[in-house]
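**Q** Just run_25.cif, nothing more (mmCIF, N, CA and C atoms):
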data_input
loop_
_atom_site.label_atom_id
_atom_site.label_comp_id
_atom_site.auth_asym_id
_atom_site.auth_seq_id
_atom_site.Cartn_x
_atom_site.Cartn_y
_atom_site.Cartn_z
N MET S 22 0.84 -1.18 0.00
CA MET S 22 0.00 0.00 0.00
C MET S 22 0.89 1.24 0.00
N ILE S 23 0.56 2.18 -0.86
CA ILE S 23 1.27 3.46 -0.91
C ILE S 23 0.47 4.49 -0.13
N ARG S 24 1.18 5.21 0.72
CA ARG S 24 0.54 6.26 1.51
C ARG S 24 1.54 7.39 1.70
N GLU S 25 1.02 8.51 2.22
CA GLU S 25 1.90 9.64 2.50
C GLU S 25 2.71 9.38 3.78
N PHE S 26 3.87 9.95 3.80
CA PHE S 26 4.79 9.90 4.94
C PHE S 26 4.12 10.46 6.19
N GLN S 27 4.37 9.83 7.33
CA GLN S 27 3.95 10.32 8.64
C GLN S 27 5.18 10.47 9.50
N SER S 28 5.13 11.35 10.47
CA SER S 28 6.33 11.64 11.28
C SER S 28 6.91 10.38 11.93
N GLY S 29 6.08 9.43 12.28
CA GLY S 29 6.56 8.20 12.89
C GLY S 29 7.34 7.31 11.94
N ASP S 30 7.33 7.64 10.64
CA ASP S 30 8.05 6.86 9.64
C ASP S 30 9.51 7.26 9.51
N LEU S 31 9.89 8.37 10.13
CA LEU S 31 11.19 8.98 9.86
C LEU S 31 12.37 8.03 10.06
N ASP S 32 12.45 7.37 11.20
CA ASP S 32 13.62 6.51 11.47
C ASP S 32 13.73 5.37 10.45
N ARG S 33 12.61 4.76 10.10
CA ARG S 33 12.64 3.67 9.13
C ARG S 33 13.00 4.18 7.74
N VAL S 34 12.50 5.34 7.35
CA VAL S 34 12.82 5.92 6.06
C VAL S 34 14.32 6.22 5.98
N VAL S 35 14.89 6.76 7.04
CA VAL S 35 16.32 7.05 7.07
C VAL S 35 17.12 5.75 7.00
N GLU S 36 16.66 4.72 7.68
CA GLU S 36 17.33 3.41 7.63
C GLU S 36 17.34 2.87 6.19
N ILE S 37 16.21 2.94 5.51
CA ILE S 37 16.12 2.48 4.12
C ILE S 37 17.03 3.34 3.23
N TRP S 38 17.00 4.65 3.43
CA TRP S 38 17.83 5.57 2.65
C TRP S 38 19.31 5.19 2.75
N LEU S 39 19.80 4.96 3.97
CA LEU S 39 21.22 4.65 4.16
C LEU S 39 21.56 3.30 3.55
N GLU S 40 20.77 2.28 3.85
CA GLU S 40 21.05 0.94 3.34
C GLU S 40 21.05 0.92 1.82
N ALA S 41 20.07 1.55 1.20
CA ALA S 41 19.97 1.55 -0.26
C ALA S 41 21.12 2.32 -0.89
N ASN S 42 21.51 3.45 -0.31
CA ASN S 42 22.63 4.20 -0.86
C ASN S 42 23.93 3.43 -0.75
N LEU S 43 24.16 2.77 0.37
CA LEU S 43 25.39 1.99 0.54
C LEU S 43 25.45 0.85 -0.48
N GLN S 44 24.33 0.22 -0.74
CA GLN S 44 24.32 -0.88 -1.70
C GLN S 44 24.43 -0.40 -3.14
N ALA S 45 23.67 0.61 -3.51
CA ALA S 45 23.62 1.05 -4.90
C ALA S 45 24.81 1.91 -5.31
N HIS S 46 25.45 2.53 -4.34
CA HIS S 46 26.52 3.48 -4.65
C HIS S 46 27.82 3.09 -3.96
N SER S 47 28.23 1.86 -4.16
CA SER S 47 29.46 1.37 -3.51
C SER S 47 30.69 2.12 -4.02
N PHE S 48 30.57 2.84 -5.12
CA PHE S 48 31.66 3.62 -5.68
C PHE S 48 31.87 4.95 -4.94
N ILE S 49 30.99 5.24 -3.98
CA ILE S 49 31.13 6.43 -3.14
C ILE S 49 31.46 5.95 -1.73
N PRO S 50 32.44 6.56 -1.07
CA PRO S 50 32.84 6.08 0.25
C PRO S 50 31.67 6.04 1.25
N ARG S 51 31.64 4.98 2.02
CA ARG S 51 30.61 4.75 3.05
C ARG S 51 30.49 5.96 3.98
N GLN S 52 31.62 6.57 4.30
CA GLN S 52 31.65 7.71 5.24
C GLN S 52 30.84 8.88 4.70
N TYR S 53 30.80 9.04 3.37
CA TYR S 53 30.01 10.13 2.80
C TYR S 53 28.54 9.96 3.18
N TRP S 54 27.99 8.77 2.94
CA TRP S 54 26.57 8.52 3.22
C TRP S 54 26.30 8.64 4.72
N GLN S 55 27.18 8.11 5.53
CA GLN S 55 26.98 8.20 6.98
C GLN S 55 27.03 9.66 7.44
N GLY S 56 27.85 10.45 6.79
CA GLY S 56 27.95 11.87 7.12
C GLY S 56 26.72 12.67 6.69
N GLN S 57 25.91 12.11 5.82
CA GLN S 57 24.71 12.79 5.34
C GLN S 57 23.47 12.46 6.17
N LEU S 58 23.60 11.55 7.12
CA LEU S 58 22.42 11.11 7.90
C LEU S 58 21.68 12.26 8.58
N ALA S 59 22.39 13.08 9.31
CA ALA S 59 21.73 14.16 10.05
C ALA S 59 21.05 15.16 9.11
N PRO S 60 21.74 15.66 8.06
CA PRO S 60 21.05 16.59 7.16
C PRO S 60 19.85 15.96 6.46
N VAL S 61 19.98 14.70 6.05
CA VAL S 61 18.86 14.03 5.37
C VAL S 61 17.69 13.89 6.33
N LYS S 62 17.97 13.49 7.55
CA LYS S 62 16.91 13.32 8.55
C LYS S 62 16.18 14.65 8.79
N ALA S 63 16.91 15.76 8.73
CA ALA S 63 16.30 17.07 8.93
C ALA S 63 15.49 17.51 7.71
N MET S 64 15.92 17.13 6.50
CA MET S 64 15.27 17.59 5.28
C MET S 64 14.08 16.72 4.87
N LEU S 65 14.10 15.44 5.21
CA LEU S 65 13.04 14.54 4.76
C LEU S 65 11.62 15.03 5.07
N PRO S 66 11.36 15.49 6.30
CA PRO S 66 9.99 15.92 6.59
C PRO S 66 9.52 17.12 5.76
N GLN S 67 10.44 17.82 5.11
CA GLN S 67 10.08 18.98 4.30
C GLN S 67 9.68 18.59 2.87
N ALA S 68 9.99 17.34 2.48
CA ALA S 68 9.68 16.88 1.12
C ALA S 68 8.31 16.21 1.10
N LYS S 69 7.79 16.02 -0.09
CA LYS S 69 6.57 15.24 -0.28
C LYS S 69 7.05 13.79 -0.44
N ILE S 70 6.71 12.96 0.52
CA ILE S 70 7.21 11.58 0.52
C ILE S 70 6.04 10.62 0.50
N PHE S 71 6.17 9.62 -0.37
CA PHE S 71 5.23 8.51 -0.41
C PHE S 71 5.97 7.27 0.01
N VAL S 72 5.39 6.51 0.92
CA VAL S 72 6.01 5.29 1.41
C VAL S 72 5.23 4.08 0.92
N PHE S 73 5.95 2.99 0.76
CA PHE S 73 5.30 1.72 0.44
C PHE S 73 5.29 0.90 1.72
N GLN S 74 4.08 0.61 2.20
CA GLN S 74 3.90 -0.13 3.45
C GLN S 74 3.44 -1.55 3.09
N GLY S 75 4.18 -2.54 3.57
CA GLY S 75 3.84 -3.93 3.32
C GLY S 75 2.59 -4.36 4.05
N GLU S 76 2.14 -5.56 3.73
CA GLU S 76 0.90 -6.10 4.33
C GLU S 76 0.97 -6.21 5.84
N GLU S 77 2.16 -6.39 6.37
CA GLU S 77 2.31 -6.54 7.82
C GLU S 77 2.63 -5.21 8.50
N GLY S 78 2.57 -4.13 7.73
CA GLY S 78 2.75 -2.80 8.31
C GLY S 78 4.16 -2.24 8.20
N GLU S 79 5.12 -3.03 7.75
CA GLU S 79 6.50 -2.55 7.69
C GLU S 79 6.73 -1.71 6.44
N LEU S 80 7.50 -0.63 6.60
CA LEU S 80 7.84 0.22 5.46
C LEU S 80 8.93 -0.47 4.65
N GLN S 81 8.71 -0.55 3.34
CA GLN S 81 9.63 -1.26 2.48
C GLN S 81 10.32 -0.36 1.45
N GLY S 82 9.86 0.87 1.33
CA GLY S 82 10.48 1.78 0.39
C GLY S 82 9.79 3.13 0.41
N PHE S 83 10.39 4.09 -0.30
CA PHE S 83 9.78 5.42 -0.37
C PHE S 83 10.30 6.17 -1.59
N LEU S 84 9.52 7.18 -1.97
CA LEU S 84 9.87 8.09 -3.04
C LEU S 84 9.68 9.50 -2.51
N GLY S 85 10.69 10.35 -2.70
CA GLY S 85 10.62 11.74 -2.26
C GLY S 85 10.55 12.69 -3.43
N LEU S 86 9.62 13.63 -3.37
CA LEU S 86 9.42 14.62 -4.41
C LEU S 86 9.64 16.03 -3.86
N ASN S 87 10.22 16.86 -4.69
CA ASN S 87 10.33 18.29 -4.42
C ASN S 87 9.78 18.97 -5.66
N GLY S 88 8.50 19.27 -5.65
CA GLY S 88 7.84 19.76 -6.86
C GLY S 88 7.75 18.62 -7.85
N GLU S 89 8.33 18.81 -9.03
CA GLU S 89 8.31 17.75 -10.04
C GLU S 89 9.63 16.95 -10.05
N ARG S 90 10.51 17.28 -9.14
CA ARG S 90 11.81 16.60 -9.07
C ARG S 90 11.77 15.43 -8.10
N ILE S 91 12.13 14.26 -8.58
CA ILE S 91 12.27 13.09 -7.71
C ILE S 91 13.62 13.21 -7.03
N GLU S 92 13.60 13.39 -5.73
CA GLU S 92 14.84 13.52 -4.96
C GLU S 92 15.43 12.16 -4.64
N GLY S 93 14.59 11.13 -4.64
CA GLY S 93 15.10 9.79 -4.37
C GLY S 93 14.00 8.76 -4.41
N LEU S 94 14.38 7.56 -4.81
CA LEU S 94 13.50 6.40 -4.81
C LEU S 94 14.32 5.27 -4.21
N PHE S 95 13.91 4.80 -3.05
CA PHE S 95 14.69 3.83 -2.31
C PHE S 95 13.83 2.67 -1.86
N ILE S 96 14.32 1.46 -2.09
CA ILE S 96 13.62 0.24 -1.70
C ILE S 96 14.53 -0.57 -0.80
N TRP S 97 13.95 -1.13 0.26
CA TRP S 97 14.68 -1.97 1.20
C TRP S 97 15.24 -3.19 0.46
N GLY S 98 16.50 -3.51 0.69
CA GLY S 98 17.21 -4.56 -0.04
C GLY S 98 16.48 -5.87 -0.24
N PRO S 99 15.94 -6.49 0.81
CA PRO S 99 15.31 -7.80 0.64
C PRO S 99 14.08 -7.81 -0.26
N VAL S 100 13.47 -6.65 -0.50
CA VAL S 100 12.28 -6.60 -1.37
C VAL S 100 12.54 -5.84 -2.67
N ARG S 101 13.80 -5.54 -2.92
CA ARG S 101 14.15 -4.84 -4.15
C ARG S 101 13.89 -5.76 -5.35
N ALA S 102 13.60 -5.18 -6.50
CA ALA S 102 13.34 -5.90 -7.76
C ALA S 102 12.06 -6.73 -7.70
N GLN S 103 11.09 -6.28 -6.92
CA GLN S 103 9.80 -6.96 -6.85
C GLN S 103 8.65 -6.05 -7.30
N GLY S 104 9.00 -4.94 -7.94
CA GLY S 104 7.98 -4.05 -8.48
C GLY S 104 7.55 -2.91 -7.58
N LEU S 105 8.12 -2.80 -6.38
CA LEU S 105 7.72 -1.73 -5.46
C LEU S 105 8.16 -0.36 -5.98
N GLY S 106 9.36 -0.27 -6.53
CA GLY S 106 9.84 0.99 -7.08
C GLY S 106 8.97 1.46 -8.23
N LYS S 107 8.57 0.54 -9.09
CA LYS S 107 7.68 0.87 -10.20
C LYS S 107 6.34 1.37 -9.68
N GLN S 108 5.81 0.74 -8.65
CA GLN S 108 4.53 1.18 -8.09
C GLN S 108 4.64 2.59 -7.52
N LEU S 109 5.72 2.87 -6.80
CA LEU S 109 5.92 4.22 -6.26
C LEU S 109 6.08 5.24 -7.40
N LEU S 110 6.83 4.87 -8.42
CA LEU S 110 7.03 5.77 -9.55
C LEU S 110 5.72 6.00 -10.29
N ASP S 111 4.94 4.96 -10.49
CA ASP S 111 3.64 5.12 -11.15
C ASP S 111 2.73 6.04 -10.34
N HIS S 112 2.82 5.95 -9.02
CA HIS S 112 2.03 6.83 -8.15
C HIS S 112 2.41 8.30 -8.39
N ALA S 113 3.71 8.56 -8.49
CA ALA S 113 4.18 9.92 -8.75
C ALA S 113 3.78 10.38 -10.15
N LYS S 114 3.87 9.49 -11.13
CA LYS S 114 3.49 9.83 -12.50
C LYS S 114 2.00 10.19 -12.59
N ALA S 115 1.17 9.48 -11.85
CA ALA S 115 -0.27 9.72 -11.90
C ALA S 115 -0.64 11.13 -11.43
N ALA S 116 0.21 11.72 -10.61
CA ALA S 116 -0.08 13.04 -10.05
C ALA S 116 0.68 14.17 -10.74
N ASN S 117 1.49 13.82 -11.75
CA ASN S 117 2.34 14.83 -12.40
C ASN S 117 2.37 14.62 -13.91
N ASN S 118 2.51 15.70 -14.64
CA ASN S 118 2.67 15.62 -16.09
C ASN S 118 4.13 15.55 -16.51
N ARG S 119 5.01 15.89 -15.56
CA ARG S 119 6.45 15.92 -15.85
C ARG S 119 7.18 15.59 -14.56
N LEU S 120 8.22 14.77 -14.67
CA LEU S 120 9.07 14.45 -13.53
C LEU S 120 10.53 14.53 -13.99
N THR S 121 11.39 14.99 -13.11
CA THR S 121 12.82 15.04 -13.40
C THR S 121 13.57 14.34 -12.27
N LEU S 122 14.80 13.95 -12.56
CA LEU S 122 15.66 13.34 -11.54
C LEU S 122 17.09 13.35 -12.03
N CYS S 123 17.99 13.07 -11.13
CA CYS S 123 19.39 12.83 -11.46
C CYS S 123 19.75 11.45 -10.96
N VAL S 124 20.56 10.75 -11.74
CA VAL S 124 21.00 9.42 -11.35
C VAL S 124 22.48 9.30 -11.72
N TYR S 125 23.26 8.72 -10.81
CA TYR S 125 24.69 8.53 -11.10
C TYR S 125 24.86 7.63 -12.31
N GLN S 126 25.75 8.01 -13.19
CA GLN S 126 26.01 7.19 -14.38
C GLN S 126 26.51 5.80 -13.99
N ARG S 127 27.27 5.72 -12.92
CA ARG S 127 27.81 4.42 -12.50
C ARG S 127 26.75 3.55 -11.84
N ASN S 128 25.57 4.10 -11.56
CA ASN S 128 24.46 3.31 -11.03
C ASN S 128 23.64 2.83 -12.24
N SER S 129 24.23 1.94 -13.01
CA SER S 129 23.63 1.52 -14.28
C SER S 129 22.29 0.82 -14.08
N ARG S 130 22.12 0.14 -12.97
CA ARG S 130 20.84 -0.54 -12.72
C ARG S 130 19.71 0.48 -12.59
N ALA S 131 19.94 1.55 -11.84
CA ALA S 131 18.91 2.58 -11.66
C ALA S 131 18.67 3.33 -12.97
N ALA S 132 19.74 3.66 -13.69
CA ALA S 132 19.59 4.38 -14.96
C ALA S 132 18.75 3.54 -15.94
N ALA S 133 19.01 2.24 -15.99
CA ALA S 133 18.24 1.35 -16.87
C ALA S 133 16.77 1.29 -16.44
N PHE S 134 16.54 1.24 -15.13
CA PHE S 134 15.17 1.22 -14.61
C PHE S 134 14.41 2.47 -15.08
N TYR S 135 15.01 3.64 -14.91
CA TYR S 135 14.34 4.88 -15.30
C TYR S 135 14.10 4.94 -16.81
N ARG S 136 15.04 4.45 -17.59
CA ARG S 136 14.83 4.41 -19.05
C ARG S 136 13.63 3.51 -19.38
N ARG S 137 13.56 2.34 -18.77
CA ARG S 137 12.43 1.43 -19.00
C ARG S 137 11.11 2.09 -18.64
N GLU S 138 11.14 3.00 -17.66
CA GLU S 138 9.94 3.67 -17.19
C GLU S 138 9.64 4.96 -17.96
N GLY S 139 10.33 5.16 -19.07
CA GLY S 139 10.01 6.28 -19.95
C GLY S 139 10.80 7.55 -19.73
N PHE S 140 11.79 7.53 -18.84
CA PHE S 140 12.64 8.71 -18.64
C PHE S 140 13.68 8.77 -19.75
N GLN S 141 14.00 9.99 -20.17
CA GLN S 141 15.01 10.19 -21.19
C GLN S 141 16.11 11.07 -20.62
N VAL S 142 17.34 10.80 -21.05
CA VAL S 142 18.47 11.61 -20.61
C VAL S 142 18.35 12.97 -21.28
N GLU S 143 18.35 13.99 -20.45
CA GLU S 143 18.23 15.37 -20.93
C GLU S 143 19.59 16.06 -20.91
N GLY S 144 20.50 15.52 -20.12
CA GLY S 144 21.83 16.11 -20.03
C GLY S 144 22.69 15.32 -19.06
N GLU S 145 23.92 15.77 -18.92
CA GLU S 145 24.87 15.15 -18.01
C GLU S 145 25.50 16.25 -17.17
N GLY S 146 26.01 15.86 -16.03
CA GLY S 146 26.69 16.82 -15.18
C GLY S 146 27.48 16.10 -14.11
N ILE S 147 28.03 16.87 -13.21
CA ILE S 147 28.80 16.31 -12.10
C ILE S 147 28.10 16.69 -10.81
N ASP S 148 27.86 15.70 -9.96
CA ASP S 148 27.31 15.97 -8.63
C ASP S 148 28.41 16.66 -7.83
N GLU S 149 28.17 17.90 -7.45
CA GLU S 149 29.18 18.69 -6.74
C GLU S 149 29.57 18.07 -5.40
N ASN S 150 28.64 17.33 -4.77
CA ASN S 150 28.93 16.75 -3.46
C ASN S 150 29.85 15.53 -3.52
N THR S 151 29.75 14.76 -4.61
CA THR S 151 30.51 13.51 -4.69
C THR S 151 31.54 13.51 -5.80
N GLY S 152 31.43 14.43 -6.76
CA GLY S 152 32.32 14.43 -7.91
C GLY S 152 31.97 13.37 -8.95
N GLU S 153 30.84 12.71 -8.77
CA GLU S 153 30.41 11.65 -9.68
C GLU S 153 29.62 12.23 -10.85
N MET S 154 29.83 11.64 -12.01
CA MET S 154 29.04 12.00 -13.19
C MET S 154 27.62 11.48 -13.01
N GLU S 155 26.65 12.29 -13.47
CA GLU S 155 25.26 11.89 -13.37
C GLU S 155 24.50 12.28 -14.63
N TYR S 156 23.41 11.57 -14.84
CA TYR S 156 22.47 11.91 -15.90
C TYR S 156 21.36 12.76 -15.31
N ARG S 157 20.93 13.78 -16.04
CA ARG S 157 19.70 14.49 -15.74
C ARG S 157 18.65 13.89 -16.64
N MET S 158 17.59 13.35 -16.04
CA MET S 158 16.58 12.64 -16.81
C MET S 158 15.22 13.28 -16.62
N VAL S 159 14.36 13.13 -17.62
CA VAL S 159 13.03 13.71 -17.58
C VAL S 159 12.02 12.70 -18.11
N TRP S 160 10.83 12.74 -17.52
CA TRP S 160 9.68 11.97 -18.00
C TRP S 160 8.56 12.95 -18.23
N ARG S 161 7.87 12.78 -19.35
CA ARG S 161 6.71 13.62 -19.68
C ARG S 161 5.52 12.73 -19.96
N ALA S 162 4.38 13.07 -19.42
CA ALA S 162 3.17 12.27 -19.60
C ALA S 162 2.76 12.20 -21.06
N ASP S 163 3.04 13.25 -21.83
CA ASP S 163 2.61 13.28 -23.21
C ASP S 163 3.57 12.57 -24.17
N VAL S 164 4.65 11.99 -23.65
CA VAL S 164 5.61 11.24 -24.45
C VAL S 164 5.54 9.78 -24.04
N ARG S 165 5.03 8.95 -24.88
CA ARG S 165 4.88 7.52 -24.57
C ARG S 165 5.74 6.69 -25.48
#
Please express what this file holds, its structure, as structure tokens.
**A**
Amino acid sequence: MIREFQSGDLDRVVEIWLEANLQAHSFIPRQYWQGQLAPVKAMLPQAKIFVFQGEEGELQGFLGLNGERIEGLFIWGPVRAQGLGKQLLDHAKAANNRLTLCVYQRNSRAAAFYRREGFQVEGEGIDENTGEMEYRMVWRADVR
């Protein structure tokens, strides 16, 4: 079930955020992600967040939006690749005509996922925080 973020979700969302970043971005030092915990925990409640809650009530993933920009899509490791990310993304698409995001080029699995979901590379750049190359991607409802 997809629902809006509630304040009691914060610790679990941060746990998923850290675990998913460490797994998907092994090319970035672990200390970087750990050093981002406090700022991320402070910023999360300010974003529009949708969580995926499993049948037994446990949070299994989330998607964060800032306007039309997807700030992150994170799924808990044991349930990754089971369609939860697609469901969260479809939820965001249903409420927007346009979505944008950035994805590290070295995160080829995520870049391929977004391409399959209709996102197109609009440009490239460097993430100033990590020095990693990234794609700027866009999805438009009127482009199928």
**Q** Tell me, as a ChimeraX atom specification, which residues lie within 6 Å of Tyr156 in chain S, counting only N, CA and C atoms; anything in the same chain fewer than 5 positions away does not count.
**A** /S:122-126,144-146
**Q** So the first atom is atom C of Leu105 in chain S and the second is atom N of Leu43 in chain S; what is the distance between them in Å, to one decimal place?
**A**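 So the answer is 17.5 Å.
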**Q** If I take CA of Phe71 in chain S and CA of Val35 in chain S, how far is one from the other in Å, to one decimal?
**A**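 Computed distance, CA of Phe71 in chain S to CA of Val35 in chain S, equals 13.5 Å.
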**Q** The residues within 12 Å of (21.3, 12.8, 10.4), using only C-alpha atoms and the coordinates of the file, should be reported as a list in words; which are they?
**A**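 Final list of nearby residues, as requested, is Leu31, Asp32, Val34, Val35, Glu36, Trp38, Leu39, Tyr53, Trp54, Gln55, Gly56, Gln57, Leu58, Ala59, Pro60, Val61, Lys62, Ala63, Met64 and Leu65 of chain S.
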**Q** Atoms to include: N, CA and C atoms. Write the selected residues as a PDB file, in the frame of the given file.
**A**
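Listing of selection05.pdb after writing:
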ATOM      1  N   LEU S  31       9.890   8.370  10.130  1.00  0.00           N
ATOM      2  CA  LEU S  31      11.190   8.980   9.860  1.00  0.00           C
ATOM      3  C   LEU S  31      12.370   8.030  10.060  1.00  0.00           C
ATOM      4  N   ASP S  32      12.450   7.370  11.200  1.00  0.00           N
ATOM      5  CA  ASP S  32      13.620   6.510  11.470  1.00  0.00           C
ATOM      6  C   ASP S  32      13.730   5.370  10.450  1.00  0.00           C
ATOM      7  N   VAL S  34      12.500   5.340   7.350  1.00  0.00           N
ATOM      8  CA  VAL S  34      12.820   5.920   6.060  1.00  0.00           C
ATOM      9  C   VAL S  34      14.320   6.220   5.980  1.00  0.00           C
ATOM     10  N   VAL S  35      14.890   6.760   7.040  1.00  0.00           N
ATOM     11  CA  VAL S  35      16.320   7.050   7.070  1.00  0.00           C
ATOM     12  C   VAL S  35      17.120   5.750   7.000  1.00  0.00           C
ATOM     13  N   GLU S  36      16.660   4.720   7.680  1.00  0.00           N
ATOM     14  CA  GLU S  36      17.330   3.410   7.630  1.00  0.00           C
ATOM     15  C   GLU S  36      17.340   2.870   6.190  1.00  0.00           C
ATOM     16  N   TRP S  38      17.000   4.650   3.430  1.00  0.00           N
ATOM     17  CA  TRP S  38      17.830   5.570   2.650  1.00  0.00           C
ATOM     18  C   TRP S  38      19.310   5.190   2.750  1.00  0.00           C
ATOM     19  N   LEU S  39      19.800   4.960   3.970  1.00  0.00           N
ATOM     20  CA  LEU S  39      21.220   4.650   4.160  1.00  0.00           C
ATOM     21  C   LEU S  39      21.560   3.300   3.550  1.00  0.00           C
ATOM     22  N   TYR S  53      30.800   9.040   3.370  1.00  0.00           N
ATOM     23  CA  TYR S  53      30.010  10.130   2.800  1.00  0.00           C
ATOM     24  C   TYR S  53      28.540   9.960   3.180  1.00  0.00           C
ATOM     25  N   TRP S  54      27.990   8.770   2.940  1.00  0.00           N
ATOM     26  CA  TRP S  54      26.570   8.520   3.220  1.00  0.00           C
ATOM     27  C   TRP S  54      26.300   8.640   4.720  1.00  0.00           C
ATOM     28  N   GLN S  55      27.180   8.110   5.530  1.00  0.00           N
ATOM     29  CA  GLN S  55      26.980   8.200   6.980  1.00  0.00           C
ATOM     30  C   GLN S  55      27.030   9.660   7.440  1.00  0.00           C
ATOM     31  N   GLY S  56      27.850  10.450   6.790  1.00  0.00           N
ATOM     32  CA  GLY S  56      27.950  11.870   7.120  1.00  0.00           C
ATOM     33  C   GLY S  56      26.720  12.670   6.690  1.00  0.00           C
ATOM     34  N   GLN S  57      25.910  12.110   5.820  1.00  0.00           N
ATOM     35  CA  GLN S  57      24.710  12.790   5.340  1.00  0.00           C
ATOM     36  C   GLN S  57      23.470  12.460   6.170  1.00  0.00           C
ATOM     37  N   LEU S  58      23.600  11.550   7.120  1.00  0.00           N
ATOM     38  CA  LEU S  58      22.420  11.110   7.900  1.00  0.00           C
ATOM     39  C   LEU S  58      21.680  12.260   8.580  1.00  0.00           C
ATOM     40  N   ALA S  59      22.390  13.080   9.310  1.00  0.00           N
ATOM     41  CA  ALA S  59      21.730  14.160  10.050  1.00  0.00           C
ATOM     42  C   ALA S  59      21.050  15.160   9.110  1.00  0.00           C
ATOM     43  N   PRO S  60      21.740  15.660   8.060  1.00  0.00           N
ATOM     44  CA  PRO S  60      21.050  16.590   7.160  1.00  0.00           C
ATOM     45  C   PRO S  60      19.850  15.960   6.460  1.00  0.00           C
ATOM     46  N   VAL S  61      19.980  14.700   6.050  1.00  0.00           N
ATOM     47  CA  VAL S  61      18.860  14.030   5.370  1.00  0.00           C
ATOM     48  C   VAL S  61      17.690  13.890   6.330  1.00  0.00           C
ATOM     49  N   LYS S  62      17.970  13.490   7.550  1.00  0.00           N
ATOM     50  CA  LYS S  62      16.910  13.320   8.550  1.00  0.00           C
ATOM     51  C   LYS S  62      16.180  14.650   8.790  1.00  0.00           C
ATOM     52  N   ALA S  63      16.910  15.760   8.730  1.00  0.00           N
ATOM     53  CA  ALA S  63      16.300  17.070   8.930  1.00  0.00           C
ATOM     54  C   ALA S  63      15.490  17.510   7.710  1.00  0.00           C
ATOM     55  N   MET S  64      15.920  17.130   6.500  1.00  0.00           N
ATOM     56  CA  MET S  64      15.270  17.590   5.280  1.00  0.00           C
ATOM     57  C   MET S  64      14.080  16.720   4.870  1.00  0.00           C
ATOM     58  N   LEU S  65      14.100  15.440   5.210  1.00  0.00           N
ATOM     59  CA  LEU S  65      13.040  14.540   4.760  1.00  0.00           C
ATOM     60  C   LEU S  65      11.620  15.030   5.070  1.00  0.00           C
TER      61      LEU S  65
END
**Q** List the residues selected by the PyMOL selection byres (((chain S and resi 78-85 and name CA) around 9) and name CA) in the file shown, writing them as a VMD selection string.
**A** chain S and resid 23 26 30 33 to 34 37 to 38 65 68 to 77 86 to 87 90 to 101 105 to 106 109 to 110 113
**Q** Between atom N of Leu120 in chain S and CA of Lys107 in chain S, what distance in Å does the model show, to one decimal?
**A**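 Interatomic distance here is 14.6 Å.
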**Q** Among range 31-160 of chain S, which ones does DSSP assign to strand (DSSP E or B) (computed from the backbone)? Answer as a PyMOL selection string.
**A** chain S and resi 69-74+80-87+90-96+119-125+141-147+154-160
**Q** From the set S:Arg51, S:Arg24, S:Arg130, S:Arg161, which residue has the shortest atom-to-atom contact distance to Lys114 in chain S, counting only C-alpha atoms?
**A** S:Arg161
**Q** Can you tell me which residues surround Val159 in chain S at a distance of at most 5 Å, considering only N, CA and C atoms, apart from same-chain residues fewer than 2 positions away, and format the answer as a ChimeraX atom specification?
**A** /S:120-121,140-141,143,157,161
